[in-house]
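So the structure is just underneath, and the comments pick up after that.
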Amino acid sequence: MAENNPFPGENNTGHIWDDNLRELENPPPRWWMMGFWASILFVVGYTILYPSWPVGQEPTPGIMGWSQIKEYEKGLEQVAAMRAQFEDRIGGMTADQIIADPGLKQYAVASAKVLFGDNCSACHGSGGQGNPGYPVLADDDWLYGGKTAKIAETITGGRKGVMTAHRTILTEPEVETLANWVVQMSESAGAGGSEEGWALFRTKGCTACHGQQANGHVVDLPNGEFVTVGAANLTDGIWRFEPGGYDSAKHTILNGVNQTGLAETRNAVMPVFGAQGKLSEQDIKKLVVYVHELGGGK
């Protein structure tokens with residue numbers, strides 16, 4: 001085809017398409033060849049310096065002895081060194097003292113966010129908003145108290161709510177009256193409630209747990225504090241077991257909470273985190289600060 005080449009003197013192969021598209025035989029540019037050989041040298045050097053070729057179950061180690069595990073461990077050491085200045089101080093402080101120190105509080109909250117996600121968010125939600133059937137931690141409604149000491153007690157020892165099933169104690173009309181009364185109390189913030197409902201509430205032993213005012217406080221102390229056994233406040237419009245309302249109240253009255261051998265009973269159990277090394281004392285202290293600062297701590 002060379003004799004028919006319409007581009008004489010050009011360094012092409014003679015393969016021509018559409019009159020002017022042809023295959024040339026020019027050598028690659030010098031810069032391209034330099035990059036090509038440099039890449040080969042880089043690969044050879046890399047395989048000598050770093051782990052590269054698989055040999056059995058392990059790669060060749062490389063003369064520098066580098067590995068991802070060593071890099072990871074080095075990073076952990078750096079993080080631990082940065083945290084030590086805060087962790088050492090937190091170790092000798094109470095949760096209230098940590099909260100009073102803006103810098104330590106910020107560190108504790110940031111550090112405990114992962115702890116909360118790993119141990120608490122499955123039930124209480126990623127932001128403490130409470131998944132269905134579990135308590136909200138971001139409001140100021142506390143069954144066992146929202147002060148740091150009570151929060152620490154709850155996390156460390158867990159909680160197990162108890163309420164007697166009244167299906168064999170109350171008649172059907174009494175159950176209906178009490179369920180309606182609970183709804184009335186919830187809707188009126190404790191200002192309402194029928195006299196018949198109040199009478200049943202006081203004569204059937206409900207005050208022992210829910211308090212004389214049905215607010216969940218067994219004893220109001222002169223200093224403004226109270227003793228609580230974890231009974232719900234029936235006057236605040238917040239329902240422990242959703243969706244709330246008459247049917248929910250009736251179900252709880254009939255079947256109670258955590259009643260052995262009763263399939264319909266309400267389940268309300270929080271696991272223990274302080275035993276068997278689930279969480280260290282330091283981790284619990286940081287979680288107390290985190291939960292307190294979600295918005296409902298007192």
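By order in the structure tokens, chains are A, B, ...; within a chain, residues start at 1; ligands start at 1, following the order shown.
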Residues near Leu170 (chain A), cut-off 12 Å, only C-alpha atoms, skip fewer than 4 positions along chain, as an MDAnalysis selection string: chainID A and resid 164:166 174:179 200:201 203:205 250 253:255
List the neighbours of Ile98 (chain A) out to 8 Å using only C-alpha atoms; skip same-chain residues closer than 5 positions along the sequence, and give me the result as a count of residues only. 6
Ranking A:Leu76, A:Ala110, A:Ile151, A:Met33 by minimum distance to Ile284 (chain A) and counting only C-alpha atoms, which one comes first?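 Residue with the minimum atom-to-atom distance to Ile284 (chain A): A:Ile151.
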Residue nearest Asp96 (chain A) among A:Ala80, A:Ala249, A:Ala189, A:Val288 (counting only C-alpha atoms):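 Nearest candidate to Asp96 (chain A) out of A:Ala80, A:Ala249, A:Ala189, A:Val288: A:Val288.
Closest to Gly274 (chain A) among A:Pro222, A:Gly125, A:Gly157, A:Gly92 is A:Gly157, based on only C-alpha atoms.
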Given the choices A:Ala191, A:Val183, A:Val269, A:Met163, which gets closest to Gly256 (chain A) if the distance is worked out from only C-alpha atoms? A:Met163
Give me, please, the distance in Å between CA of Leu143 (chain A) and CA of Phe273 (chain A), quoted to one decimal.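 Calculated distance between CA of Leu143 (chain A) and CA of Phe273 (chain A) is 18.3 Å.
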Write out as a PDB file with N, CA, C and O atoms, in the first residue's frame all residues of region 55-208 of chain A that DSSP puts in strand (DSSP E or B) for this structure's backbone.
ATOM      1  N   VAL A  55       2.875 -14.073  49.968  1.00  0.00           N
ATOM      2  CA  VAL A  55       3.678 -15.291  50.103  1.00  0.00           C
ATOM      3  C   VAL A  55       2.996 -16.155  51.156  1.00  0.00           C
ATOM      4  O   VAL A  55       3.088 -15.878  52.350  1.00  0.00           O
ATOM      5  N   GLU A  58       0.805 -14.477  54.261  1.00  0.00           N
ATOM      6  CA  GLU A  58       1.265 -13.132  54.570  1.00  0.00           C
ATOM      7  C   GLU A  58       1.979 -12.530  53.368  1.00  0.00           C
ATOM      8  O   GLU A  58       2.543 -13.245  52.548  1.00  0.00           O
ATOM      9  N   PRO A  59       1.963 -11.188  53.263  1.00  0.00           N
ATOM     10  CA  PRO A  59       2.718 -10.543  52.184  1.00  0.00           C
ATOM     11  C   PRO A  59       4.178 -10.388  52.577  1.00  0.00           C
ATOM     12  O   PRO A  59       4.547 -10.546  53.739  1.00  0.00           O
ATOM     13  N   ARG A 159     -33.009  -0.800  85.673  1.00  0.00           N
ATOM     14  CA  ARG A 159     -34.327  -0.580  86.275  1.00  0.00           C
ATOM     15  C   ARG A 159     -35.290  -1.660  85.814  1.00  0.00           C
ATOM     16  O   ARG A 159     -35.185  -2.159  84.690  1.00  0.00           O
ATOM     17  N   LYS A 160     -36.228  -1.996  86.670  1.00  0.00           N
ATOM     18  CA  LYS A 160     -37.299  -2.924  86.300  1.00  0.00           C
ATOM     19  C   LYS A 160     -38.587  -2.425  86.937  1.00  0.00           C
ATOM     20  O   LYS A 160     -38.772  -2.527  88.154  1.00  0.00           O
ATOM     21  N   MET A 163     -45.791  -3.034  88.310  1.00  0.00           N
ATOM     22  CA  MET A 163     -47.151  -2.608  88.646  1.00  0.00           C
ATOM     23  C   MET A 163     -48.036  -3.841  88.694  1.00  0.00           C
ATOM     24  O   MET A 163     -47.984  -4.694  87.802  1.00  0.00           O
TER      25      MET A 163
END
How would you write, as JSON, numbers by chain, the set of residues in region 51-201 of chain A that DSSP gives as helix (DSSP H, G or I)? {"A": [68, 69, 70, 71, 72, 73, 74, 75, 76, 77, 78, 79, 80, 81, 82, 83, 84, 85, 86, 87, 88, 89, 90, 91, 95, 96, 97, 98, 99, 100, 102, 103, 104, 105, 106, 107, 108, 109, 110, 111, 112, 113, 114, 115, 116, 117, 118, 119, 121, 122, 123, 124, 148, 149, 150, 151, 152, 153, 154, 155, 156, 157, 172, 173, 174, 175, 176, 177, 178, 179, 180, 181, 182, 183, 184, 185, 186, 187, 195, 196, 197, 198, 199, 200, 201]}
Considering only C-alpha atoms, can you say which of A:Val162, A:Leu21, A:Leu41, A:Cys120 comes closest to Asn267 (chain A)?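 Closest to Asn267 (chain A), using only C-alpha atoms: A:Val162.
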9 Å contact set for Asp283 (chain A), only C-alpha atoms, chain neighbours under 5 positions out, as a PyMOL selection string: chain A and resi 111-112+115+288
Nearby residues (only C-alpha atoms) at most 6 Å from region 128-139 of chain A, same-chain spacing under 6 positions excluded, as a ChimeraX atom specification: /A:241,294-296
Using only C-alpha atoms, which of the listed residues (A:Thr265, A:Asn180, A:Thr60, A:Thr13) sits closest to Thr47 (chain A)?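 Under the stated criterion, the closest residue is A:Thr60.
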Distance CA of Met185 (chain A)-CA of Asp236 (chain A), one decimal place?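 Spanning CA of Met185 (chain A) to CA of Asp236 (chain A) is a straight-line distance of 8.0 Å.
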For CA of Trp142 (chain A) and CA of Ser186 (chain A), quote the distance in Å rounded to one decimal. 15.9 Å
